[in-house]
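*Asks:* The structure file protein-v4.cif (mmCIF, C-alpha atoms) is provided below.
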data_model
#
loop_
_atom_site.group_PDB
_atom_site.id
_atom_site.type_symbol
_atom_site.label_atom_id
_atom_site.label_comp_id
_atom_site.auth_asym_id
_atom_site.auth_seq_id
_atom_site.Cartn_x
_atom_site.Cartn_y
_atom_site.Cartn_z
ATOM 1 C CA MET A 138 135.751 67.507 87.433
ATOM 2 C CA ALA A 139 134.570 66.327 90.826
ATOM 3 C CA LEU A 140 130.894 66.545 91.754
ATOM 4 C CA ASP A 141 129.533 67.036 88.259
ATOM 5 C CA THR A 142 126.371 64.927 88.330
ATOM 6 C CA VAL A 143 123.614 64.048 90.763
ATOM 7 C CA ASN A 144 125.144 60.621 91.120
ATOM 8 C CA ASP A 145 128.520 62.140 92.065
ATOM 9 C CA TYR A 146 126.818 63.984 94.921
ATOM 10 C CA VAL A 147 124.914 60.904 96.076
ATOM 11 C CA VAL A 148 128.030 58.710 96.046
ATOM 12 C CA SER A 149 130.112 61.325 97.887
ATOM 13 C CA ALA A 150 127.356 61.874 100.441
ATOM 14 C CA ARG A 151 127.147 58.143 101.117
ATOM 15 C CA ARG A 152 130.884 58.088 101.741
ATOM 16 C CA LEU A 153 130.574 60.775 104.438
ATOM 17 C CA LEU A 154 127.457 59.073 105.843
ATOM 18 C CA LEU A 155 129.256 55.711 106.028
ATOM 19 C CA ASP A 156 126.406 54.257 104.018
ATOM 20 C CA GLU A 157 128.078 52.640 101.032
ATOM 21 C CA ALA A 158 126.773 49.070 101.373
ATOM 22 C CA GLU A 159 123.311 47.991 100.263
ATOM 23 C CA PRO A 160 120.676 47.973 101.553
ATOM 24 C CA TYR A 161 121.233 51.666 102.116
ATOM 25 C CA ARG A 162 120.278 53.336 105.336
ATOM 26 C CA TYR A 163 119.571 56.585 103.522
ATOM 27 C CA PRO A 164 117.470 56.045 100.375
ATOM 28 C CA THR A 165 118.800 57.617 97.207
ATOM 29 C CA ALA A 166 115.567 59.573 96.841
ATOM 30 C CA ASP A 167 116.164 61.233 100.213
ATOM 31 C CA LEU A 168 119.657 62.248 99.254
ATOM 32 C CA VAL A 169 118.476 63.686 95.942
ATOM 33 C CA ASP A 170 115.771 65.570 97.827
ATOM 34 C CA ALA A 171 118.446 66.945 100.118
ATOM 35 C CA LEU A 172 120.342 68.176 97.065
ATOM 36 C CA ASN A 173 117.178 69.922 95.872
ATOM 37 C CA PHE A 174 116.698 71.498 99.308
ATOM 38 C CA ALA A 175 120.255 72.797 99.148
ATOM 39 C CA PHE A 176 119.290 74.951 96.198
ATOM 40 C CA LEU A 177 116.451 76.482 98.209
ATOM 41 C CA GLU A 178 118.813 77.366 101.016
ATOM 42 C CA VAL A 179 121.498 78.677 98.700
ATOM 43 C CA ARG A 180 118.962 80.903 96.943
ATOM 44 C CA ARG A 181 118.269 82.499 100.338
ATOM 45 C CA LEU A 182 121.824 82.684 101.673
ATOM 46 C CA ARG A 183 123.756 83.426 98.479
ATOM 47 C CA PRO A 184 121.386 84.678 95.802
ATOM 48 C CA ASP A 185 124.361 85.495 93.578
ATOM 49 C CA LEU A 186 125.013 81.776 93.131
ATOM 50 C CA MET A 187 121.589 81.505 91.514
ATOM 51 C CA LEU A 188 122.104 84.483 89.208
ATOM 52 C CA ALA A 189 121.380 82.434 86.096
ATOM 53 C CA ARG A 190 118.078 81.303 87.593
ATOM 54 C CA PHE A 191 116.553 84.602 88.678
ATOM 55 C CA ARG A 192 114.094 84.430 85.802
ATOM 56 C CA SER A 193 113.381 80.707 86.000
ATOM 57 C CA THR A 194 112.713 78.069 88.620
ATOM 58 C CA LEU A 195 115.389 76.515 90.755
ATOM 59 C CA PRO A 196 116.688 73.154 89.577
ATOM 60 C CA SER A 197 114.981 70.021 90.820
ATOM 61 C CA TYR A 198 116.551 66.624 90.331
ATOM 62 C CA SER A 199 115.095 63.133 90.659
ATOM 63 C CA THR A 200 116.332 59.580 90.964
ATOM 64 C CA SER A 201 115.172 58.867 87.416
ATOM 65 C CA ASN A 202 118.122 60.783 86.004
ATOM 66 C CA LEU A 203 121.116 60.468 88.268
ATOM 67 C CA ALA A 204 123.433 61.306 85.388
ATOM 68 C CA ALA A 205 121.987 64.823 85.175
ATOM 69 C CA ALA A 206 124.601 67.560 85.464
ATOM 70 C CA VAL A 207 124.321 69.705 88.584
ATOM 71 C CA ASP A 208 124.949 73.326 87.692
ATOM 72 C CA VAL A 209 126.937 74.602 90.661
ATOM 73 C CA ASP A 210 130.103 76.698 90.572
ATOM 74 C CA PRO A 211 133.091 74.486 91.479
ATOM 75 C CA GLN A 212 133.954 76.762 94.416
ATOM 76 C CA TYR A 213 130.702 75.826 96.196
ATOM 77 C CA ARG A 214 130.161 72.166 95.349
ATOM 78 C CA MET A 215 131.513 70.994 98.687
ATOM 79 C CA ALA A 216 129.008 73.226 100.472
ATOM 80 C CA PHE A 217 126.152 71.484 98.661
ATOM 81 C CA LEU A 218 127.593 68.124 99.631
ATOM 82 C CA TYR A 219 127.834 69.120 103.291
ATOM 83 C CA PHE A 220 124.218 70.254 103.244
ATOM 84 C CA MET A 221 123.105 66.903 101.824
ATOM 85 C CA VAL A 222 124.939 65.013 104.554
ATOM 86 C CA GLY A 223 123.688 67.319 107.300
ATOM 87 C CA GLN A 224 120.129 67.130 106.020
ATOM 88 C CA ALA A 225 120.278 63.325 105.906
ATOM 89 C CA GLN A 226 121.605 63.109 109.426
ATOM 90 C CA LEU A 227 119.007 65.495 110.830
ATOM 91 C CA ARG A 228 116.475 62.669 110.812
ATOM 92 C CA ASP A 229 118.568 60.542 113.185
ATOM 93 C CA ASP A 230 117.496 60.853 116.773
ATOM 94 C CA GLU A 231 120.756 59.859 118.406
ATOM 95 C CA ASN A 232 122.578 62.649 120.187
ATOM 96 C CA THR A 233 125.851 61.981 118.433
ATOM 97 C CA GLN A 234 124.171 62.209 115.031
ATOM 98 C CA ASP A 235 122.468 65.472 115.975
ATOM 99 C CA ALA A 236 125.811 67.036 116.717
ATOM 100 C CA ARG A 237 127.240 65.721 113.455
ATOM 101 C CA ALA A 238 124.252 67.033 111.498
ATOM 102 C CA ALA A 239 124.595 70.443 113.126
ATOM 103 C CA SER A 240 128.266 70.441 112.338
ATOM 104 C CA PHE A 241 127.661 69.761 108.635
ATOM 105 C CA MET A 242 124.929 72.386 108.474
ATOM 106 C CA ALA A 243 127.211 74.945 110.121
ATOM 107 C CA LYS A 244 129.967 74.059 107.684
ATOM 108 C CA PHE A 245 127.542 74.486 104.792
ATOM 109 C CA ILE A 246 126.630 78.007 105.909
ATOM 110 C CA ALA A 247 130.206 78.929 106.740
ATOM 111 C CA GLN A 248 131.435 77.798 103.341
ATOM 112 C CA LEU A 249 128.888 80.001 101.659
ATOM 113 C CA GLN A 250 129.628 83.077 103.718
ATOM 114 C CA THR A 251 133.238 83.011 104.846
ATOM 115 C CA VAL A 252 136.642 82.399 103.350
ATOM 116 C CA SER A 253 138.201 80.279 106.055
ATOM 117 C CA ALA A 254 135.531 77.558 106.455
ATOM 118 C CA MET B 229 136.462 88.737 72.859
ATOM 119 C CA ALA B 230 138.161 89.932 76.034
ATOM 120 C CA ASN B 231 141.551 91.531 75.425
ATOM 121 C CA ALA B 232 144.700 91.182 77.544
ATOM 122 C CA ASP B 233 143.798 94.190 79.715
ATOM 123 C CA PHE B 234 140.406 92.712 80.499
ATOM 124 C CA ASN B 235 141.852 89.303 81.291
ATOM 125 C CA ARG B 236 144.377 90.921 83.622
ATOM 126 C CA LEU B 237 141.639 92.893 85.366
ATOM 127 C CA MET B 238 139.481 89.805 85.823
ATOM 128 C CA ASP B 239 142.427 87.795 87.155
ATOM 129 C CA GLN B 240 143.227 90.526 89.676
ATOM 130 C CA LEU B 241 139.592 90.578 90.796
ATOM 131 C CA ARG B 242 139.388 86.790 91.116
ATOM 132 C CA ILE B 243 142.511 86.777 93.262
ATOM 133 C CA ARG B 244 141.337 89.602 95.510
ATOM 134 C CA LEU B 245 137.773 88.316 95.864
ATOM 135 C CA PRO B 246 137.884 84.690 97.049
ATOM 136 C CA GLY B 247 134.606 82.935 96.440
ATOM 137 C CA ALA B 248 133.295 85.471 93.932
ATOM 138 C CA LEU B 249 131.621 84.235 90.768
ATOM 139 C CA ASP B 250 132.653 85.641 87.393
ATOM 140 C CA GLY B 251 129.029 86.483 86.593
ATOM 141 C CA ILE B 252 128.715 88.665 89.684
ATOM 142 C CA ILE B 253 132.057 90.371 89.021
ATOM 143 C CA GLN B 254 130.873 91.168 85.494
ATOM 144 C CA LEU B 255 127.604 92.519 86.856
ATOM 145 C CA GLU B 256 129.420 94.899 89.186
ATOM 146 C CA LEU B 257 131.983 95.718 86.502
ATOM 147 C CA PHE B 258 129.186 96.999 84.285
ATOM 148 C CA SER B 259 127.875 99.252 87.079
ATOM 149 C CA VAL B 260 131.349 100.546 87.917
ATOM 150 C CA MET B 261 132.228 101.365 84.326
ATOM 151 C CA ASN B 262 128.871 103.027 83.796
ATOM 152 C CA GLU B 263 129.423 105.143 86.910
ATOM 153 C CA PHE B 264 132.961 105.985 85.832
ATOM 154 C CA PHE B 265 131.981 107.087 82.334
ATOM 155 C CA GLN B 266 128.967 109.055 83.595
ATOM 156 C CA GLY B 267 130.991 110.731 86.320
ATOM 157 C CA SER B 268 134.072 111.580 84.274
ATOM 158 C CA ASN B 269 132.760 112.175 80.735
ATOM 159 C CA CYS B 270 136.100 110.829 79.564
ATOM 160 C CA TRP B 271 134.620 108.959 76.585
ATOM 161 C CA THR B 272 133.439 111.408 73.961
ATOM 162 C CA GLU B 273 132.487 111.209 70.323
ATOM 163 C CA LYS B 274 132.075 113.859 67.649
ATOM 164 C CA ILE B 275 129.019 113.167 65.544
ATOM 165 C CA PRO B 276 128.216 115.119 62.337
ATOM 166 C CA MET B 277 124.644 116.439 62.179
ATOM 167 C CA ARG B 278 123.133 117.848 59.007
ATOM 168 C CA VAL B 279 120.851 120.807 59.834
ATOM 169 C CA ILE B 280 118.302 122.736 57.801
ATOM 170 C CA PRO B 281 116.803 126.179 58.517
ATOM 171 C CA THR B 282 113.276 124.837 59.168
ATOM 172 C CA ARG B 283 113.997 122.356 61.970
ATOM 173 C CA LYS B 284 115.212 122.664 65.529
ATOM 174 C CA SER B 285 115.132 119.030 66.613
ATOM 175 C CA TYR B 286 117.483 116.333 65.298
ATOM 176 C CA GLU B 287 118.281 112.730 66.056
ATOM 177 C CA ILE B 288 121.910 111.658 66.259
ATOM 178 C CA VAL B 289 123.325 108.151 66.416
ATOM 179 C CA SER B 290 126.655 107.085 67.867
ATOM 180 C CA THR B 291 128.887 104.884 65.743
ATOM 181 C CA THR B 292 129.818 102.722 68.741
ATOM 182 C CA PRO B 293 127.618 100.443 70.879
ATOM 183 C CA SER B 294 127.160 102.993 73.642
ATOM 184 C CA SER B 295 124.646 105.223 75.350
ATOM 185 C CA MET B 296 124.810 109.018 75.116
ATOM 186 C CA ASN B 297 125.199 110.520 78.514
ATOM 187 C CA ARG B 298 125.739 114.271 78.121
ATOM 188 C CA LEU B 299 125.850 116.864 75.415
ATOM 189 C CA TYR B 300 129.263 118.503 75.386
ATOM 190 C CA SER B 301 128.984 120.979 72.561
ATOM 191 C CA VAL B 302 127.415 121.761 69.214
ATOM 192 C CA GLU B 303 129.498 123.659 66.670
ATOM 193 C CA THR B 304 128.840 124.904 63.186
ATOM 194 C CA SER B 305 131.130 123.907 60.318
ATOM 195 C CA SER B 306 133.094 127.094 60.971
ATOM 196 C CA GLY B 307 133.594 126.237 64.641
ATOM 197 C CA VAL B 308 131.050 128.601 66.170
ATOM 198 C CA SER B 309 129.305 127.295 69.269
ATOM 199 C CA VAL B 310 125.545 126.775 68.977
ATOM 200 C CA ALA B 311 123.128 126.764 71.912
ATOM 201 C CA ALA B 312 121.439 123.392 72.183
ATOM 202 C CA THR B 313 120.158 120.841 74.652
ATOM 203 C CA MET B 314 119.751 117.075 74.695
ATOM 204 C CA PRO B 315 116.484 116.492 76.628
ATOM 205 C CA VAL B 316 116.536 112.823 75.683
ATOM 206 C CA PRO B 317 119.791 111.016 74.884
ATOM 207 C CA GLY B 318 120.191 111.107 71.109
ATOM 208 C CA THR B 319 117.831 114.045 70.493
ATOM 209 C CA ILE B 320 119.432 117.438 69.936
ATOM 210 C CA GLU B 321 117.215 120.489 70.374
ATOM 211 C CA LEU B 322 118.679 123.685 68.951
ATOM 212 C CA LEU B 323 117.707 126.860 70.780
ATOM 213 C CA ASN B 324 117.340 128.783 67.516
ATOM 214 C CA LEU B 325 116.639 127.728 63.958
ATOM 215 C CA PRO B 326 119.828 127.411 61.885
ATOM 216 C CA SER B 327 120.315 130.346 59.537
ATOM 217 C CA GLN B 328 121.368 128.071 56.683
ATOM 218 C CA GLU B 329 121.931 124.448 55.777
ATOM 219 C CA ASP B 330 125.080 123.214 57.417
ATOM 220 C CA THR B 331 126.773 120.197 59.001
ATOM 221 C CA TYR B 332 127.169 120.779 62.696
ATOM 222 C CA THR B 333 129.542 118.799 64.870
ATOM 223 C CA VAL B 334 127.918 117.445 68.016
ATOM 224 C CA THR B 335 130.209 116.273 70.781
ATOM 225 C CA VAL B 336 128.604 113.915 73.279
ATOM 226 C CA ALA B 337 129.894 112.056 76.307
ATOM 227 C CA LEU B 338 129.218 108.338 76.105
ATOM 228 C CA THR B 339 128.797 105.525 78.545
ATOM 229 C CA ILE B 340 128.548 101.776 78.142
ATOM 230 C CA THR B 341 125.307 100.061 77.317
ATOM 231 C CA ASP B 342 123.907 96.657 76.518
ATOM 232 C CA PRO B 343 124.491 94.594 74.507
ATOM 233 C CA VAL B 344 127.626 93.238 76.059
ATOM 234 C CA ASP B 345 129.822 90.919 74.003
ATOM 235 C CA ARG B 346 129.618 87.128 73.930
ATOM 236 C CA GLU B 347 131.699 86.800 77.067
ATOM 237 C CA GLY B 348 129.548 89.215 79.031
ATOM 238 C CA TYR B 349 131.851 92.243 78.875
ATOM 239 C CA PRO B 350 130.655 95.702 77.877
ATOM 240 C CA GLU B 351 132.185 97.390 74.846
ATOM 241 C CA PHE B 352 134.279 100.544 75.214
ATOM 242 C CA PRO B 353 137.388 102.116 73.637
ATOM 243 C CA ASP B 354 140.586 100.062 73.622
ATOM 244 C CA TRP B 355 142.654 102.732 75.387
ATOM 245 C CA PHE B 356 140.348 102.880 78.377
ATOM 246 C CA LEU B 357 141.445 99.904 80.470
ATOM 247 C CA ASN B 358 145.082 100.581 79.805
ATOM 248 C CA LYS B 359 144.670 104.078 81.262
ATOM 249 C CA TYR B 360 142.077 103.513 83.969
ATOM 250 C CA GLY B 361 142.304 99.772 84.692
ATOM 251 C CA ASN B 362 143.470 100.191 88.287
ATOM 252 C CA ASP B 363 140.709 102.704 88.975
ATOM 253 C CA ILE B 364 138.087 100.309 87.663
ATOM 254 C CA LEU B 365 139.683 97.613 89.825
ATOM 255 C CA ASP B 366 139.129 99.833 92.873
ATOM 256 C CA GLY B 367 135.504 100.427 91.939
ATOM 257 C CA VAL B 368 134.691 96.750 91.465
ATOM 258 C CA LEU B 369 136.510 95.774 94.670
ATOM 259 C CA GLY B 370 134.604 98.463 96.562
ATOM 260 C CA ARG B 371 131.233 97.327 95.303
ATOM 261 C CA MET B 372 131.960 93.630 95.739
ATOM 262 C CA MET B 373 133.326 94.074 99.255
ATOM 263 C CA SER B 374 130.291 96.126 100.267
ATOM 264 C CA GLN B 375 127.961 93.186 99.597
ATOM 265 C CA ILE B 376 126.677 91.512 102.742
ATOM 266 C CA ALA B 377 127.273 87.951 103.922
ATOM 267 C CA LYS B 378 129.753 86.913 101.272
ATOM 268 C CA PRO B 379 133.232 85.407 101.740
ATOM 269 C CA TYR B 380 134.620 88.627 100.263
ATOM 270 C CA SER B 381 132.544 91.043 102.377
ATOM 271 C CA GLN B 382 134.896 93.677 103.851
ATOM 272 C CA PRO B 383 133.063 96.909 104.765
ATOM 273 C CA GLN B 384 136.217 98.802 105.737
ATOM 274 C CA MET B 385 138.112 97.816 102.613
ATOM 275 C CA ALA B 386 135.007 98.619 100.586
ATOM 276 C CA GLN B 387 135.120 102.194 101.871
ATOM 277 C CA TYR B 388 138.821 102.438 101.085
ATOM 278 C CA HIS B 389 138.402 101.214 97.523
ATOM 279 C CA MET B 390 135.302 103.304 96.870
ATOM 280 C CA ARG B 391 137.111 106.418 98.085
ATOM 281 C CA ARG B 392 139.938 105.717 95.653
ATOM 282 C CA PHE B 393 137.433 105.061 92.872
ATOM 283 C CA VAL B 394 135.592 108.343 93.418
ATOM 284 C CA GLN B 395 138.904 110.242 93.443
ATOM 285 C CA ALA B 396 139.916 108.522 90.224
ATOM 286 C CA THR B 397 136.602 109.353 88.577
ATOM 287 C CA ASN B 398 137.021 113.027 89.452
ATOM 288 C CA LYS B 399 140.602 113.017 88.222
ATOM 289 C CA ALA B 400 139.556 111.411 84.940
ATOM 290 C CA GLY B 401 136.903 114.115 84.574
ATOM 291 C CA VAL B 402 139.500 116.852 84.952
ATOM 292 C CA GLU B 403 141.814 115.111 82.496
ATOM 293 C CA ALA B 404 138.976 114.889 80.005
ATOM 294 C CA ILE B 405 138.285 118.620 80.351
ATOM 295 C CA HIS B 406 141.962 119.326 79.701
ATOM 296 C CA GLY B 407 142.040 116.940 76.772
ATOM 297 C CA ASN B 408 144.730 114.881 78.511
ATOM 298 C CA VAL B 409 147.154 117.763 78.041
ATOM 299 C CA TYR B 410 149.609 118.086 80.881
ATOM 300 C CA ARG B 411 148.963 121.427 82.618
ATOM 301 C CA GLY B 412 147.009 122.389 79.544
ATOM 302 C CA GLN B 413 143.513 123.305 78.520
ATOM 303 C CA ASN B 414 141.179 121.898 75.956
ATOM 304 C CA TRP B 415 139.207 125.008 75.037
ATOM 305 C CA ARG B 416 140.011 127.681 72.530
ATOM 306 C CA PHE B 417 138.291 130.809 71.348
ATOM 307 C CA PRO B 418 135.915 130.376 68.402
ATOM 308 C CA GLN B 419 138.041 130.641 65.293
ATOM 309 C CA THR B 420 135.887 133.407 63.840
ATOM 310 C CA PHE B 421 137.590 135.663 66.410
ATOM 311 C CA ALA B 422 141.061 134.624 65.348
ATOM 312 C CA ARG B 423 142.880 137.297 63.370
ATOM 313 C CA ARG B 424 145.322 134.832 61.952
ATOM 314 C CA LYS B 425 145.546 131.041 61.840
ATOM 315 C CA ALA B 426 147.309 129.424 64.739
ATOM 316 C CA ARG B 427 150.416 127.463 63.843
ATOM 317 C CA TYR B 428 151.010 124.193 65.680
#
As structure tokens, please, write out the structure in this file.

*Replies:*
Amino acid sequence: MALDTVNDYVVSARRLLLDEAEPYRYPTADLVDALNFAFLEVRRLRPDLMLARFRSTLPSYSTSNLAAAVDVDPQYRMAFLYFMVGQAQLRDDENTQDARAASFMAKFIAQLQTVSA
Amino acid sequence: MANADFNRLMDQLRIRLPGALDGIIQLELFSVMNEFFQGSNCWTEKIPMRVIPTRKSYEIVSTTPSSMNRLYSVETSSGVSVAATMPVPGTIELLNLPSQEDTYTVTVALTITDPVDREGYPEFPDWFLNKYGNDILDGVLGRMMSQIAKPYSQPQMAQYHMRRFVQATNKAGVEAIHGNVYRGQNWRFPQTFARRKARY
């Protein structure tokens, strides 16, 4: 299935960021951090997606194990990916990138809360 | 393991609730079924209870994985009604000491309880979903659609489905009182008053 592991997310994020050639503009560690931040946001916006983790901590991934499985329902994997891309692009200070980052962040929220996004 | 009725119900819910997770549907399903059973008393069980003249309080245990909700009736072996209460589910308190050793029949209304099965579904009688599946569907849809900030949030539809669910619960309660007899009644006079045996 698509977007199963941390590496799947990182590779897909790089594709959307147009950052597939080394040396990378966005370090892998930053992208993995963005994935971890997505869980924090999802816990706030859609607590039901974290039902299995109400009595434990939220998952936290690192670059040392990129093959780790990411436990996200298939319906919402794209939302996590959009958050990663938006989060990565937030650090850019060019106006065009700001708009793109905002667009990905808005898509992330819309995918979590609406049907049509 | 989930039966065909349960699979059909879950498929209907998945289709009508885009973006909903199975775990959340099951969570609401438990609440809806609990509310339905508590509101309708449609799931009953007759439990034999051995009584002795020196005790008023007795513990009874259901044979199914369920929780006792209400005490329906207590009858002696000859069918005479006995005054009793159930202050705590599973504890029967007789108003008066029994006059002799006997085996009373206690009828209690049941509702679902943990543990649920391996797939996360509560256990209940097989006939239930076949008879009330659409009503449970309404209840789950109502509760799911009343959640805020979800792809399936629909406050107006939630009201519609909850209204249908409440009506269905009341109707099931009436059917239970009538013993599912069409235009009939479930009660009868204590048989000690009968001058001759009824023929069916």

*Asks:* With the file shown as input, list the residues that the PyMOL selection byres ((chain B) within 7 of (chain A)) selects, as a PyMOL selection string.

*Replies:* chain B and resi 246-247+252+377-379

*Asks:* Which polymer residues have any atom within 12 Å of an atom of Met373 of chain B, counting only C-alpha atoms, with same-chain residues fewer than 3 positions away left out, as a PyMOL selection string?

*Replies:* chain B and resi 241+244-248+252-253+256+365-370+376-390

*Asks:* Rounded to one decimal place, report the atom CA of Asn262 of chain B-atom CA of Leu338 of chain B distance in Å.

*Replies:*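 These two atoms are separated by 9.4 Å.
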
*Asks:* Just checking: using all atoms listed in the file, which residue out of A:Tyr146, A:Phe191, A:Tyr198, A:Phe174 ends up closest to Leu218 of chain A?

*Replies:*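 Counting all atoms listed in the file, the residue closest to Leu218 of chain A is A:Tyr146.
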
*Asks:* So what does the PyMOL selection byres ((chain A and resi 206) around 6) actually pick up in this one, as a PDB file with C-alpha atoms, in the frame of the given file?

*Replies:*
ATOM      1  CA  ASP A 141     129.533  67.036  88.259  1.00  0.00           C
ATOM      2  CA  THR A 142     126.371  64.927  88.330  1.00  0.00           C
ATOM      3  CA  ALA A 205     121.987  64.823  85.175  1.00  0.00           C
ATOM      4  CA  VAL A 207     124.321  69.705  88.584  1.00  0.00           C
TER       5      VAL A 207
END

*Asks:* Just the number, please: distance in Å from atom CA of Asp145 of chain A to atom CA of Ala216 of chain A, one decimal.

*Replies:*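 Computed distance, atom CA of Asp145 of chain A to atom CA of Ala216 of chain A, equals 13.9 Å.
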
*Asks:* Would you give the centre and edge lengths, in Å to one decimal, of a box along x, y and z around the listed atoms of segment 283-287 of chain B, with 4 Å added to each side, as lines of an AutoDock Vina configuration file?

*Replies:*
center_x = 116.1
center_y = 117.7
center_z = 64.3
size_x = 12.3
size_y = 17.9
size_z = 12.6

*Asks:* Taking the file as shown, find all residues satisfying the PyMOL selection byres ((chain B and resi 345) around 12) and write them as a PyMOL selection string.

*Replies:* chain B and resi 229-231+254+258+293+340-344+346-352

*Asks:* What is the distance, in Å and to one decimal place, between atom CA of Gly407 of chain B and atom CA of Gly361 of chain B?

*Replies:*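 About the pair atom CA of Gly407 of chain B and atom CA of Gly361 of chain B: they are 18.9 Å apart.
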
*Asks:* Could you name the residues that touch Ala238 of chain A at 10 Å or less, counting all atoms listed in the file, but leaving out those on the same chain fewer than 4 positions away, as a list of chain:residue names?

*Replies:*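 Contacts, in chain order: A:Tyr219, A:Phe220, A:Met221, A:Val222, A:Gly223, A:Gln224, A:Ala225, A:Gln226, A:Leu227, A:Arg228, A:Asp229, A:Asn232, A:Thr233, A:Gln234, A:Met242, A:Ala243, A:Lys244.
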
*Asks:* List as a PyMOL selection string the protein and nucleic acid residues near Tyr360 of chain B, meaning an atom at most 12 Å away when only C-alpha atoms are counted, but skip any in the same chain fewer than 6 places from it.

*Replies:* chain B and resi 233-234+237+260-261+264-265+268+270-271+353-354+366-367+393+396-397+399-401+403

*Asks:* Please provide as a list in words all residues within 8 Å of Leu325 of chain B, with the sequence filter that same-chain residues fewer than 3 positions apart are discarded (counting only C-alpha atoms).

*Replies:*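 Contacts, in chain order: Pro281, Thr282, Arg283, Lys284 and Leu322 of chain B.
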
*Asks:* May I have the protein, DNA and RNA residues with any atom at most 12 Å from the point (125.6, 105.7, 70.3), counting only C-alpha atoms, written as a PDB file with C-alpha atoms, in the frame of the given file?

*Replies:*
ATOM      1  CA  TRP B 271     134.620 108.959  76.585  1.00  0.00           C
ATOM      2  CA  THR B 272     133.439 111.408  73.961  1.00  0.00           C
ATOM      3  CA  GLU B 273     132.487 111.209  70.323  1.00  0.00           C
ATOM      4  CA  LYS B 274     132.075 113.859  67.649  1.00  0.00           C
ATOM      5  CA  ILE B 275     129.019 113.167  65.544  1.00  0.00           C
ATOM      6  CA  GLU B 287     118.281 112.730  66.056  1.00  0.00           C
ATOM      7  CA  ILE B 288     121.910 111.658  66.259  1.00  0.00           C
ATOM      8  CA  VAL B 289     123.325 108.151  66.416  1.00  0.00           C
ATOM      9  CA  SER B 290     126.655 107.085  67.867  1.00  0.00           C
ATOM     10  CA  THR B 291     128.887 104.884  65.743  1.00  0.00           C
ATOM     11  CA  THR B 292     129.818 102.722  68.741  1.00  0.00           C
ATOM     12  CA  PRO B 293     127.618 100.443  70.879  1.00  0.00           C
ATOM     13  CA  SER B 294     127.160 102.993  73.642  1.00  0.00           C
ATOM     14  CA  SER B 295     124.646 105.223  75.350  1.00  0.00           C
ATOM     15  CA  MET B 296     124.810 109.018  75.116  1.00  0.00           C
ATOM     16  CA  ASN B 297     125.199 110.520  78.514  1.00  0.00           C
ATOM     17  CA  ARG B 298     125.739 114.271  78.121  1.00  0.00           C
ATOM     18  CA  PRO B 317     119.791 111.016  74.884  1.00  0.00           C
ATOM     19  CA  GLY B 318     120.191 111.107  71.109  1.00  0.00           C
ATOM     20  CA  THR B 319     117.831 114.045  70.493  1.00  0.00           C
ATOM     21  CA  THR B 335     130.209 116.273  70.781  1.00  0.00           C
ATOM     22  CA  VAL B 336     128.604 113.915  73.279  1.00  0.00           C
ATOM     23  CA  ALA B 337     129.894 112.056  76.307  1.00  0.00           C
ATOM     24  CA  LEU B 338     129.218 108.338  76.105  1.00  0.00           C
ATOM     25  CA  THR B 339     128.797 105.525  78.545  1.00  0.00           C
ATOM     26  CA  ILE B 340     128.548 101.776  78.142  1.00  0.00           C
ATOM     27  CA  THR B 341     125.307 100.061  77.317  1.00  0.00           C
ATOM     28  CA  ASP B 342     123.907  96.657  76.518  1.00  0.00           C
ATOM     29  CA  PRO B 343     124.491  94.594  74.507  1.00  0.00           C
ATOM     30  CA  GLU B 351     132.185  97.390  74.846  1.00  0.00           C
ATOM     31  CA  PHE B 352     134.279 100.544  75.214  1.00  0.00           C
TER      32      PHE B 352
END

*Asks:* Choose the residue, out of A:Glu157, A:Thr200, A:Thr165, A:Asn173, that has the smallest atom-to-atom separation from Phe217 of chain A; count all atoms listed in the file.

*Replies:*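 Under the stated criterion, the closest residue is A:Asn173.
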